[in-house]
>>> print(open('final-v9.cif').read())   # mmCIF, C-alpha atoms and all ligand atoms
data_query
#
loop_
_atom_site.group_PDB
_atom_site.id
_atom_site.type_symbol
_atom_site.label_atom_id
_atom_site.label_comp_id
_atom_site.auth_asym_id
_atom_site.auth_seq_id
_atom_site.Cartn_x
_atom_site.Cartn_y
_atom_site.Cartn_z
ATOM 1 C CA MET A 1 0.000 0.000 0.000
ATOM 2 C CA HIS A 2 1.207 3.569 -0.701
ATOM 3 C CA GLU A 3 2.399 5.633 2.194
ATOM 4 C CA LYS A 4 -0.290 8.246 1.626
ATOM 5 C CA SER A 5 -3.153 5.781 1.731
ATOM 6 C CA LEU A 6 -1.671 4.227 4.870
ATOM 7 C CA ILE A 7 -1.728 7.622 6.556
ATOM 8 C CA ILE A 8 -5.333 8.202 5.476
ATOM 9 C CA LEU A 9 -6.319 4.740 6.664
ATOM 10 C CA SER A 10 -4.678 5.144 10.054
ATOM 11 C CA SER A 11 -6.347 8.516 10.607
ATOM 12 C CA ILE A 12 -9.737 6.990 9.776
ATOM 13 C CA VAL A 13 -9.073 4.233 12.331
ATOM 14 C CA LEU A 14 -7.994 6.838 14.873
ATOM 15 C CA VAL A 15 -11.177 8.872 14.382
ATOM 16 C CA LEU A 16 -13.259 5.729 14.894
ATOM 17 C CA VAL A 17 -11.409 4.797 18.099
ATOM 18 C CA VAL A 18 -11.657 8.326 19.474
ATOM 19 C CA SER A 19 -15.366 8.624 18.738
ATOM 20 C CA ALA A 20 -16.047 5.193 20.229
ATOM 21 C CA SER A 21 -14.301 6.092 23.470
ATOM 22 C CA ILE A 22 -16.023 9.495 23.657
ATOM 23 C CA PHE A 23 -19.318 7.664 23.251
ATOM 24 C CA ALA A 24 -18.425 5.251 26.070
ATOM 25 C CA GLN A 25 -17.466 8.144 28.337
ATOM 26 C CA THR A 26 -20.732 9.923 27.636
ATOM 27 C CA ILE A 27 -22.730 6.857 28.568
ATOM 28 C CA LEU A 28 -20.730 5.728 31.580
ATOM 29 C CA LYS A 29 -19.209 8.948 32.908
ATOM 30 C CA LYS A 30 -19.648 9.425 36.638
ATOM 31 C CA GLY A 31 -21.611 12.623 36.100
ATOM 32 C CA GLN A 32 -24.591 13.910 38.043
ATOM 33 C CA ASN A 33 -27.267 11.837 36.408
ATOM 34 C CA SER A 34 -25.335 8.873 35.147
ATOM 35 C CA PRO A 35 -25.360 6.691 38.294
ATOM 36 C CA SER A 36 -29.148 6.623 38.219
ATOM 37 C CA GLN A 37 -29.010 5.933 34.491
ATOM 38 C CA ILE A 38 -26.643 3.021 34.994
ATOM 39 C CA VAL A 39 -28.846 1.581 37.742
ATOM 40 C CA ALA A 40 -31.931 1.994 35.523
ATOM 41 C CA ALA A 41 -30.098 0.290 32.641
ATOM 42 C CA ARG A 42 -28.922 -2.653 34.720
ATOM 43 C CA LYS A 43 -32.342 -3.163 36.276
ATOM 44 C CA PHE A 44 -33.868 -3.106 32.817
ATOM 45 C CA ALA A 45 -31.332 -5.692 31.660
ATOM 46 C CA MET A 46 -32.099 -7.890 34.712
ATOM 47 C CA LYS A 47 -35.786 -7.727 33.755
ATOM 48 C CA MET A 48 -34.787 -8.820 30.246
ATOM 49 C CA LEU A 49 -33.089 -11.841 31.800
ATOM 50 C CA GLY A 50 -36.321 -12.604 33.657
ATOM 51 C CA ALA A 51 -38.422 -12.201 30.501
ATOM 52 C CA ASN A 52 -36.108 -14.531 28.575
ATOM 53 C CA VAL A 53 -36.285 -17.153 31.328
ATOM 54 C CA GLY A 54 -40.098 -16.939 31.317
ATOM 55 C CA ASP A 55 -40.208 -17.305 27.551
ATOM 56 C CA LEU A 56 -37.801 -20.244 27.337
ATOM 57 C CA THR A 57 -39.579 -22.024 30.187
ATOM 58 C CA GLY A 58 -42.784 -21.928 28.134
ATOM 59 C CA LYS A 59 -40.959 -23.139 25.031
ATOM 60 C CA ILE A 60 -39.506 -26.145 26.848
ATOM 61 C CA LYS A 61 -42.950 -26.938 28.245
ATOM 62 C CA THR A 62 -44.624 -26.851 24.830
ATOM 63 C CA GLY A 63 -41.817 -28.688 23.027
ATOM 64 C CA ASN A 64 -40.454 -25.735 21.048
ATOM 65 C CA PHE A 65 -36.888 -26.731 21.905
ATOM 66 C CA LYS A 66 -35.265 -24.960 18.949
ATOM 67 C CA GLY A 67 -36.893 -21.715 20.061
ATOM 68 C CA VAL A 68 -34.930 -21.847 23.310
ATOM 69 C CA ALA A 69 -31.748 -20.889 21.422
ATOM 70 C CA ALA A 70 -32.801 -17.249 20.904
ATOM 71 C CA ASN A 71 -33.540 -16.750 24.604
ATOM 72 C CA ALA A 72 -30.402 -18.513 25.791
ATOM 73 C CA GLY A 73 -28.380 -16.453 23.290
ATOM 74 C CA SER A 74 -29.886 -13.212 24.629
ATOM 75 C CA ILE A 75 -29.052 -14.236 28.186
ATOM 76 C CA ALA A 76 -25.463 -15.034 27.192
ATOM 77 C CA ALA A 77 -25.165 -11.681 25.387
ATOM 78 C CA LEU A 78 -26.590 -9.751 28.341
ATOM 79 C CA ALA A 79 -24.151 -11.545 30.627
ATOM 80 C CA THR A 80 -21.264 -9.948 28.738
ATOM 81 C CA PHE A 81 -22.725 -6.467 29.292
ATOM 82 C CA PHE A 82 -23.434 -6.734 33.028
ATOM 83 C CA PRO A 83 -19.913 -6.497 34.512
ATOM 84 C CA LEU A 84 -19.677 -2.910 33.184
ATOM 85 C CA ALA A 85 -22.837 -1.971 35.030
ATOM 86 C CA TYR A 86 -21.947 -3.674 38.304
ATOM 87 C CA GLU A 87 -18.574 -2.076 38.976
ATOM 88 C CA GLU A 88 -20.159 0.016 41.713
ATOM 89 C CA THR A 89 -23.136 -0.297 44.060
ATOM 90 C CA TYR A 90 -24.365 3.286 43.539
ATOM 91 C CA ALA A 91 -25.920 3.134 46.997
ATOM 92 C CA ASP A 92 -27.016 6.810 46.748
ATOM 93 C CA VAL A 93 -29.394 5.995 43.918
ATOM 94 C CA TYR A 94 -31.531 3.653 46.049
ATOM 95 C CA PRO A 95 -34.352 3.079 46.726
ATOM 96 C CA VAL A 96 -35.503 3.122 43.127
ATOM 97 C CA GLN A 97 -39.183 3.701 42.534
ATOM 98 C CA GLY A 98 -40.977 0.623 41.264
ATOM 99 C CA SER A 99 -38.320 -1.846 42.439
ATOM 100 C CA LYS A 100 -37.693 -3.269 45.880
ATOM 101 C CA TYR A 101 -34.236 -4.581 44.961
ATOM 102 C CA TYR A 102 -30.811 -3.047 45.304
ATOM 103 C CA TYR A 103 -27.216 -4.079 44.705
ATOM 104 C CA LYS A 104 -25.446 -4.860 47.949
ATOM 105 C CA GLY A 105 -22.037 -5.384 46.377
ATOM 106 C CA GLY A 106 -19.813 -7.923 48.068
ATOM 107 C CA LEU A 107 -19.285 -10.132 45.038
ATOM 108 C CA PRO A 108 -15.717 -11.444 45.190
ATOM 109 C CA ASP A 109 -15.461 -11.323 41.383
ATOM 110 C CA VAL A 110 -18.279 -9.684 39.413
ATOM 111 C CA GLY A 111 -16.802 -10.710 36.068
ATOM 112 C CA ALA A 112 -16.557 -14.364 37.102
ATOM 113 C CA ALA A 113 -20.161 -14.417 38.367
ATOM 114 C CA PHE A 114 -21.515 -13.207 35.036
ATOM 115 C CA GLU A 115 -19.069 -15.374 33.117
ATOM 116 C CA ASN A 116 -20.582 -18.348 34.944
ATOM 117 C CA LEU A 117 -24.091 -17.280 33.877
ATOM 118 C CA LYS A 118 -22.857 -16.907 30.303
ATOM 119 C CA ARG A 119 -21.402 -20.422 30.329
ATOM 120 C CA GLU A 120 -24.646 -21.958 31.596
ATOM 121 C CA ALA A 121 -26.683 -20.011 29.021
ATOM 122 C CA GLN A 122 -24.376 -21.164 26.234
ATOM 123 C CA ALA A 123 -24.723 -24.777 27.382
ATOM 124 C CA LEU A 124 -28.504 -24.340 27.199
ATOM 125 C CA MET A 125 -28.149 -22.869 23.732
ATOM 126 C CA ARG A 126 -26.203 -25.909 22.554
ATOM 127 C CA LEU A 127 -28.782 -28.280 24.059
ATOM 128 C CA SER A 128 -31.609 -26.503 22.230
ATOM 129 C CA LYS A 129 -30.470 -28.337 19.099
ATOM 130 C CA SER A 130 -31.224 -31.671 20.745
ATOM 131 C CA ASN A 131 -34.636 -33.150 21.325
ATOM 132 C CA ASP A 132 -33.856 -33.981 24.929
ATOM 133 C CA LYS A 133 -36.501 -32.338 27.101
ATOM 134 C CA ALA A 134 -35.113 -33.736 30.358
ATOM 135 C CA ALA A 135 -31.622 -32.440 29.574
ATOM 136 C CA LEU A 136 -33.019 -29.022 28.656
ATOM 137 C CA GLU A 137 -34.963 -28.838 31.906
ATOM 138 C CA ALA A 138 -31.895 -29.853 33.888
ATOM 139 C CA GLN A 139 -29.726 -27.231 32.171
ATOM 140 C CA ARG A 140 -32.424 -24.594 32.680
ATOM 141 C CA GLY A 141 -32.273 -25.399 36.393
ATOM 142 C CA LYS A 142 -28.505 -25.154 36.400
ATOM 143 C CA MET A 143 -28.637 -21.761 34.720
ATOM 144 C CA LEU A 144 -31.235 -20.525 37.207
ATOM 145 C CA GLY A 145 -28.849 -21.672 39.917
ATOM 146 C CA ALA A 146 -26.384 -19.058 38.628
ATOM 147 C CA CYS A 147 -29.089 -16.370 38.929
ATOM 148 C CA GLY A 148 -30.098 -17.504 42.411
ATOM 149 C CA ALA A 149 -26.577 -17.827 43.788
ATOM 150 C CA CYS A 150 -25.828 -14.234 42.907
ATOM 151 C CA HIS A 151 -29.182 -12.903 44.125
ATOM 152 C CA LYS A 152 -28.660 -14.572 47.469
ATOM 153 C CA LEU A 153 -25.234 -13.018 47.874
ATOM 154 C CA ALA A 154 -25.454 -9.621 46.222
ATOM 155 C CA ARG A 155 -29.107 -8.595 45.876
ATOM 156 C CA GLY A 156 -30.735 -6.745 48.740
ATOM 157 C CA GLU A 157 -34.441 -6.229 49.253
ATOM 158 C CA ASN A 158 -36.055 -3.181 50.853
HETATM 159 C C1 LIG B 201 -23.787 -11.700 39.358
HETATM 160 C C2 LIG B 201 -25.060 -11.349 39.970
HETATM 161 C C3 LIG B 201 -26.378 -11.619 39.331
HETATM 162 C C4 LIG B 201 -26.700 -12.612 38.423
HETATM 163 C C5 LIG B 201 -25.819 -13.706 37.849
HETATM 164 C C6 LIG B 201 -28.101 -12.409 38.129
HETATM 165 N N1 LIG B 201 -28.605 -11.347 38.813
HETATM 166 FE FE1 LIG B 201 -30.507 -10.647 38.720
HETATM 167 N N2 LIG B 201 -30.044 -9.151 39.999
HETATM 168 C C7 LIG B 201 -28.812 -8.947 40.580
HETATM 169 C C8 LIG B 201 -28.830 -7.731 41.350
HETATM 170 C C9 LIG B 201 -27.668 -7.136 42.113
HETATM 171 C C10 LIG B 201 -30.122 -7.212 41.242
HETATM 172 C C11 LIG B 201 -30.644 -5.894 41.781
HETATM 173 C C12 LIG B 201 -30.740 -4.926 40.621
HETATM 174 C C13 LIG B 201 -30.042 -3.628 40.834
HETATM 175 O O1 LIG B 201 -30.559 -2.796 41.603
HETATM 176 O O2 LIG B 201 -28.992 -3.417 40.185
HETATM 177 C C14 LIG B 201 -30.870 -8.142 40.393
HETATM 178 C C15 LIG B 201 -32.204 -7.968 40.044
HETATM 179 C C16 LIG B 201 -32.921 -8.838 39.258
HETATM 180 C C17 LIG B 201 -34.319 -8.690 38.917
HETATM 181 C C18 LIG B 201 -35.240 -7.576 39.424
HETATM 182 C C19 LIG B 201 -34.960 -6.272 38.699
HETATM 183 C C20 LIG B 201 -35.105 -5.100 39.640
HETATM 184 O O3 LIG B 201 -36.161 -4.480 39.664
HETATM 185 O O4 LIG B 201 -34.123 -4.815 40.385
HETATM 186 C C21 LIG B 201 -34.663 -9.740 38.104
HETATM 187 C C22 LIG B 201 -36.027 -10.022 37.470
HETATM 188 C C23 LIG B 201 -33.482 -10.546 37.938
HETATM 189 N N3 LIG B 201 -32.449 -9.966 38.647
HETATM 190 C C24 LIG B 201 -33.433 -11.696 37.182
HETATM 191 C C25 LIG B 201 -32.264 -12.449 36.983
HETATM 192 C C26 LIG B 201 -32.224 -13.672 36.223
HETATM 193 C C27 LIG B 201 -33.432 -14.350 35.587
HETATM 194 C C28 LIG B 201 -30.922 -14.093 36.227
HETATM 195 C C29 LIG B 201 -30.321 -15.299 35.576
HETATM 196 C C30 LIG B 201 -30.709 -15.643 34.233
HETATM 197 C C31 LIG B 201 -30.156 -13.119 37.019
HETATM 198 N N4 LIG B 201 -31.012 -12.152 37.445
HETATM 199 C C32 LIG B 201 -28.807 -13.226 37.244
HETATM 200 C C33 LIG B 201 -27.696 -9.744 40.444
HETATM 201 C C34 LIG B 201 -27.595 -10.841 39.576
#
>>> encode(input="final-v9.cif", output="structure tokens")
Amino acid sequence: MHEKSLIILSSIVLVLVVSASIFAQTILKKGQNSPSQIVAARKFAMKMLGANVGDLTGKIKTGNFKGVAANAGSIAALATFFPLAYEETYADVYPVQGSKYYYKGGLPDVGAAFENLKREAQALMRLSKSNDKAALEAQRGKMLGACGACHKLARGEN
């Protein structure tokens, strides 16, 4: 490649990197309103986990095993987002109207806890290709164990 086009290419890459990091700072900056926004976002995402569990439970019950893949995939994807949102407790934001729950903190390793959920969701996703209802139910239970273990440890209730 010519030197000139290399320079142009690298400045395009630089602009993209800079704008991506400015975007991230705007969303996650510790400004006046952002802690409440982060808490709202993570609660919303938790509710999405709940909705996906409800949906996939129905699909297993009615024999739509292939349909479980979309829900398990969403749960796995959400699990990669969560560690960003659970770096801090944001105790000042609570109580939040319309929700009795809060984040107590105290997780020894937030990343590992969500990584564990992701692994269980991915295992469920793989099983959705099988026709094995008992195995799907067992893996659903194992995945819910990852939700429950964390709730017991890190979720407070007003
Ligand atoms: C690593 C910890 C952790 C894992 C794993 C986890 N949760 Fe949560 N969950 C929390 C915490 C903390 C809260 C409190 C929300 C907050 O205020 O940030 C919560 C709240 C919730 C809520 C209530 C939302 C609200 O109003 O606060 C639902 C529903 C929920 N979780 C569902 C799930 C489901 C379903 C799973 C598994 C598929 C799951 N969670 C996995 C920590 C976890």
>>> residues_near_point(input="final-v9.cif", point="(-36.5, -16.5, 31.7)", cutoff="10 Å", atoms="all atoms listed in the file", output="list of chain:residue names")
A:Lys47, A:Met48, A:Leu49, A:Gly50, A:Ala51, A:Asn52, A:Val53, A:Gly54, A:Asp55, A:Leu56, A:Thr57, A:Gly58, A:Asn71, A:Ala72, A:Ile75, A:Arg140, A:Met143, A:Leu144
>>> closest_atom_pairs(input="final-v9.cif", of="region 37-86 of chain A", to="region 106-122 of chain A", cutoff="6 Å", atoms="all atoms listed in the file", output="CSV")
residue,atom,partner,partner_atom,distance
A:Ala72,CA,A:Ala121,CA,5.1
A:Ala76,CA,A:Lys118,CA,4.5
A:Ala79,CA,A:Phe114,CA,5.4
A:Pro83,CA,A:Gly111,CA,5.5
>>> closest_residue(input="final-v9.cif", among="A:Lys152, A:Lys142, A:Lys104, A:Arg42", to="Ala85 (chain A)", atoms="all atoms listed in the file")
A:Arg42
>>> atom_distance(input="final-v9.cif", atom1="CA of Lys59 (chain A)", atom2="atom C11 of ligand LIG 201 (chain B)")
26.2 Å
>>> closest_residue(input="final-v9.cif", among="A:Leu127, A:Val96, A:Ala135, A:Leu84", to="ligand LIG 201 (chain B)", atoms="only C-alpha atoms and all ligand atoms")
A:Val96
>>> closest_residue(input="final-v9.cif", among="A:Met46, A:Ala91, A:Ala77, A:Val68", to="Tyr103 (chain A)", atoms="all atoms listed in the file")
A:Ala91
>>> atom_distance(input="final-v9.cif", atom1="atom C6 of ligand LIG 201 (chain B)", atom2="CA of Ser130 (chain A)")
26.1 Å
>>> closest_residue(input="final-v9.cif", among="A:Ala154, A:Ile60, A:Leu136, A:Ala40", to="Gln97 (chain A)", atoms="all atoms listed in the file")
A:Ala40
